[in-house]
Amino acid sequence: MERMNHTPRIRTVVSCTLLVVTLAAGATACGSPDGHPLSTKPYDAGDQVSFNGPSDKEKADPDKPLEVTVKGDDGRITDVSAVDTGGRHLAGELSADGRRWRSTAPLAAGTGYTVRVSTENGDGAPGVRTLSFDTSSPKKLLKVAFGPEGGTYGVGQPITAELSAPITDKASRATVERALKVRSTPATTGSWYWVDDKKLHYRPKEYWPANATVEVRSNLAGIKVTNALYGAEAKPLKLTTGDRIEAVTDAANHSLTVYRNGEVINTIPVTTGKPGFSTRNGVKVVLAKEQFVRMRGESIGIAAGSSESYDLPVYWATRVTWSGEYVHAAPWSTGSQGNANVSHGCTGMSTSNAEWFFDTVRMGDIVKVVGSEGEEMDPFGNGFGDWNLSWEKWQQGSALHEGAPDSPQTLQTARLRPHV
């Protein structure tokens with residue numbers, strides 16, 4: 001694409017010049033052989049239209065709309081195409097009489113535009129003018145960081161987007177959401193959810209397909225989000241999913257069953273949280289795998305030296321909440337595994353079973369607990385409890401959904417406390 005040294009000026013598209021002749025002459029501009037104005041090549045319409053772009057060596061203010069008008073009384077505009085360097089088209093509206101075209105969406109900041117204006121004169125002959133200009137760079141940028149890092153994850157892994165500034169009103173949130181694109185192969189239906197003013201999560205209606213590719217990118221660069229804030233460039237994200245691994249712990253039956261792509265591959269006797277320390281019910285997602293963790297009762301408010309106090313080296317620990325709930329080796333409770341719940345909230349099993357589980361799962365895999373006397377897993381604030389919201393409620397967290405709230409969400413923040 002040819003640029004015009006940052007200065008809008010007339011670009012001659014063809015060498016033909018409009019000739020004004022009488023009808024009796026039996027000829028049209030450029031000597032059209034069939035004598036019809038529409039059969040001519042477009043003339044240079046530089047003298048026919050004007051626009052409110054910047055003067056020489058200046059850049060256009062993105063806060064001001066672009067306007068193209070017809071000079072004099074002869075002719076009209078038939079079409080305007082305005083495209084920035086990122087390939088985004090600028091929306092606009094042409095007046096009923098064809099005398100004026102005006103943009104209806106904000107220009108992007110810190111980019112260049114090529115504008116092609118199609119016209120016709122009073123005799124119906126087509127004209128064209130092409131011009132280029134740049135817009136000034138924004139003073140304040142909204143940055144977006146996607147997560148997790150690129151790699152292979154389980155089918156329960158949500159996508160996250162962290163913003164550098166809070167976005168509170170629904171219209172601005174909608175602008176951000178429209179620019180954050182998620183594409184999966186195979187295709188899935190999904191939606192963003194505003195966790196708070198600066199964080200969004202994206203998940204499909206169901207879990208991701210097994211062995212899928214997920215690509216995330218932002219089209220927010222240069223886009224006006226608020227009166228003083230424009231989008232910045234963002235690093236895209238690409239990740240893949242592995243097999244569909246689901247671990248279902250039945251706290252009432254003291255067993256954990258692991259499924260791969262819908263088929264049972266192992267059933268393990270376990271112990272979960274005892275009364276007063278019951279394990280949370282609901283769907284969780286593997287957050288991390290730690291081969292060794294030291295767990296102390298004081299970290300969850302148990303007084304040192306009390307009957308519930310503990311200080312233990314723990315191996316093959318798979319974390320599922322930020323507050324310290326793990327699936328891990330608990331050789332001290334093998335006598336209770338499979339028949340009683342004696343832990344302080346974690347899911348304990350033999351060392352060999354814990355090592356197998358550790359080696360089988362990856363970050364993003366699903367760990368679900370049923371039959372516990374504990375509370376329900378929080379959707380946010382203590383790991384990825386996103387799947388505990390119904391699809392209907394999840395969509396309500398999107399600014400693009402009709403029932404989305406106008407105010408930000410209030411969330412519980414979990415404490416980082418490992419417990420056994």
# chains A, B, ... in the order shown; residues from 1 in each chain; ligands from 1

$ select_by_dssp --residues "range 354-403 of chain A" --states "strand (DSSP E or B)" --output "ChimeraX atom specification"
/A:366-370,376

$ write_last_selection --atoms "C-alpha atoms" --output "PDB file, in the first residue's frame"
ATOM      1  CA  ILE A 366     -10.692 -31.333  35.622  1.00  0.00           C
ATOM      2  CA  VAL A 367     -10.920 -32.385  39.278  1.00  0.00           C
ATOM      3  CA  LYS A 368     -14.499 -32.647  40.545  1.00  0.00           C
ATOM      4  CA  VAL A 369     -15.650 -33.388  44.090  1.00  0.00           C
ATOM      5  CA  VAL A 370     -19.119 -34.697  44.906  1.00  0.00           C
ATOM      6  CA  GLU A 376     -19.312 -25.182  46.986  1.00  0.00           C
TER       7      GLU A 376
END

$ residues_around --residues "range 201-205 of chain A" --least-positions-apart "4" --cutoff "6 Å" --atoms "only C-alpha atoms" --output "list in words"
Pro158, Ile159, Thr160, Thr189, Gly190, Ser191, Trp192, Tyr193 and Trp391 of chain A

$ write_last_selection --atoms "N, CA, C and O atoms" --output "JSON list (two decimals), in the first residue's frame"
[["chain", "number", "residue", "atom", "x", "y", "z"],
["A", 158, "PRO", "N", -9.43, -22.31, 31.52],
["A", 158, "PRO", "CA", -9.98, -21.06, 30.99],
["A", 158, "PRO", "C", -8.87, -20.18, 30.41],
["A", 158, "PRO", "O", -7.69, -20.30, 30.76],
["A", 159, "ILE", "N", -9.25, -19.27, 29.51],
["A", 159, "ILE", "CA", -8.36, -18.23, 29.01],
["A", 159, "ILE", "C", -8.55, -17.00, 29.89],
["A", 159, "ILE", "O", -9.68, -16.67, 30.26],
["A", 160, "THR", "N", -7.48, -16.30, 30.22],
["A", 160, "THR", "CA", -7.59, -15.09, 31.02],
["A", 160, "THR", "C", -7.06, -13.90, 30.23],
["A", 160, "THR", "O", -6.19, -14.04, 29.38],
["A", 189, "THR", "N", -18.46, -22.97, 21.00],
["A", 189, "THR", "CA", -19.17, -21.76, 21.42],
["A", 189, "THR", "C", -18.65, -21.35, 22.78],
["A", 189, "THR", "O", -18.60, -22.16, 23.71],
["A", 190, "GLY", "N", -18.24, -20.09, 22.92],
["A", 190, "GLY", "CA", -17.70, -19.62, 24.19],
["A", 190, "GLY", "C", -18.00, -18.15, 24.41],
["A", 190, "GLY", "O", -18.57, -17.48, 23.55],
["A", 191, "SER", "N", -17.59, -17.64, 25.58],
["A", 191, "SER", "CA", -17.88, -16.25, 25.91],
["A", 191, "SER", "C", -16.91, -15.75, 26.97],
["A", 191, "SER", "O", -16.40, -16.53, 27.78],
["A", 192, "TRP", "N", -16.66, -14.43, 26.97],
["A", 192, "TRP", "CA", -15.88, -13.79, 28.03],
["A", 192, "TRP", "C", -16.78, -13.49, 29.23],
["A", 192, "TRP", "O", -17.99, -13.30, 29.09],
["A", 193, "TYR", "N", -16.15, -13.43, 30.39],
["A", 193, "TYR", "CA", -16.84, -13.09, 31.64],
["A", 193, "TYR", "C", -15.97, -12.07, 32.38],
["A", 193, "TYR", "O", -14.77, -12.31, 32.58],
["A", 391, "TRP", "N", -24.17, -22.12, 32.03],
["A", 391, "TRP", "CA", -23.87, -21.35, 30.81],
["A", 391, "TRP", "C", -24.69, -20.06, 30.78],
["A", 391, "TRP", "O", -24.20, -19.01, 30.36]]

$ residues_around --residues "range 282-284 of chain A" --least-positions-apart "2" --cutoff "10 Å" --atoms "only C-alpha atoms" --output "ChimeraX atom specification"
/A:156-157,246-249,279-280,286-287,319-321,364-372,374-379,382-389

$ atom_distance --atom1 "CA of Gly324 in chain A" --atom2 "CA of Ser255 in chain A"
20.5 Å

$ closest_atom_pairs --of "range 223-314 of chain A" --to "range 163-179 of chain A" --cutoff "10 Å" --atoms "only C-alpha atoms" --output "Markdown table"
| residue | atom | partner | partner_atom | distance |
| --- | --- | --- | --- | --- |
| A:Ile223 | CA | A:Thr175 | CA | 8.4 |
| A:Lys224 | CA | A:Thr175 | CA | 8.2 |
| A:Val225 | CA | A:Ser172 | CA | 5.4 |
| A:Thr226 | CA | A:Ser172 | CA | 6.2 |
| A:Asn227 | CA | A:Ser172 | CA | 9.7 |
| A:Leu229 | CA | A:Ala165 | CA | 9.0 |
| A:Gly231 | CA | A:Val176 | CA | 8.4 |

$ residues_around --residues "Leu66 in chain A" --least-positions-apart "6" --cutoff "12 Å" --atoms "only C-alpha atoms" --output "ChimeraX atom specification"
/A:50-54,60,80-82,90-94,100-108,113-115,133-135

$ atom_distance --atom1 "CA of Ser390 in chain A" --atom2 "CA of Val155 in chain A"
17.0 Å

$ residues_around --residues "Phe146 in chain A" --least-positions-apart "6" --cutoff "12 Å" --atoms "only C-alpha atoms" --output "short mmCIF file (atom, residue, chain, number, x, y, z; two decimals) with C-alpha atoms, in the first residue's frame"
data_model
loop_
_atom_site.label_atom_id
_atom_site.label_comp_id
_atom_site.auth_asym_id
_atom_site.auth_seq_id
_atom_site.Cartn_x
_atom_site.Cartn_y
_atom_site.Cartn_z
CA PRO A 158 -9.98 -21.06 30.99
CA ILE A 159 -8.36 -18.23 29.01
CA THR A 160 -7.59 -15.09 31.02
CA ALA A 161 -7.14 -11.47 29.94
CA GLU A 162 -5.53 -9.00 32.35
CA LEU A 163 -6.05 -5.29 31.63
CA SER A 164 -3.64 -2.53 32.65
CA LEU A 180 -10.65 -9.96 22.07
CA LYS A 181 -10.89 -12.86 19.66
CA VAL A 182 -10.79 -16.56 20.58
CA LYS A 199 -9.77 -9.26 34.55
CA LEU A 200 -11.76 -11.37 32.10
CA HIS A 201 -12.07 -15.15 31.78
CA TYR A 202 -13.09 -17.01 28.63
CA GLU A 215 -5.75 -19.11 19.37
CA VAL A 216 -6.33 -15.81 21.18
CA ARG A 217 -5.59 -12.35 19.81
CA SER A 218 -6.55 -8.73 20.34
CA GLU A 233 -0.81 -3.97 20.80
CA ALA A 234 -1.08 -7.32 22.59
CA LYS A 235 0.93 -10.51 22.28
CA PRO A 236 -1.28 -13.27 20.86
CA LEU A 237 -1.65 -16.63 22.60
CA LYS A 238 -1.75 -20.13 21.16
CA LEU A 239 -2.32 -23.27 23.19
#

$ residues_around --residues "range 357-362 of chain A" --least-positions-apart "3" --cutoff "12 Å" --atoms "only C-alpha atoms" --output "ChimeraX atom specification"
/A:151-157,241-247,256-260,265-268,285-292,315-320,326-329,347-354,365-367

$ atom_distance --atom1 "CA of Ser343 in chain A" --atom2 "CA of Thr271 in chain A"
6.6 Å
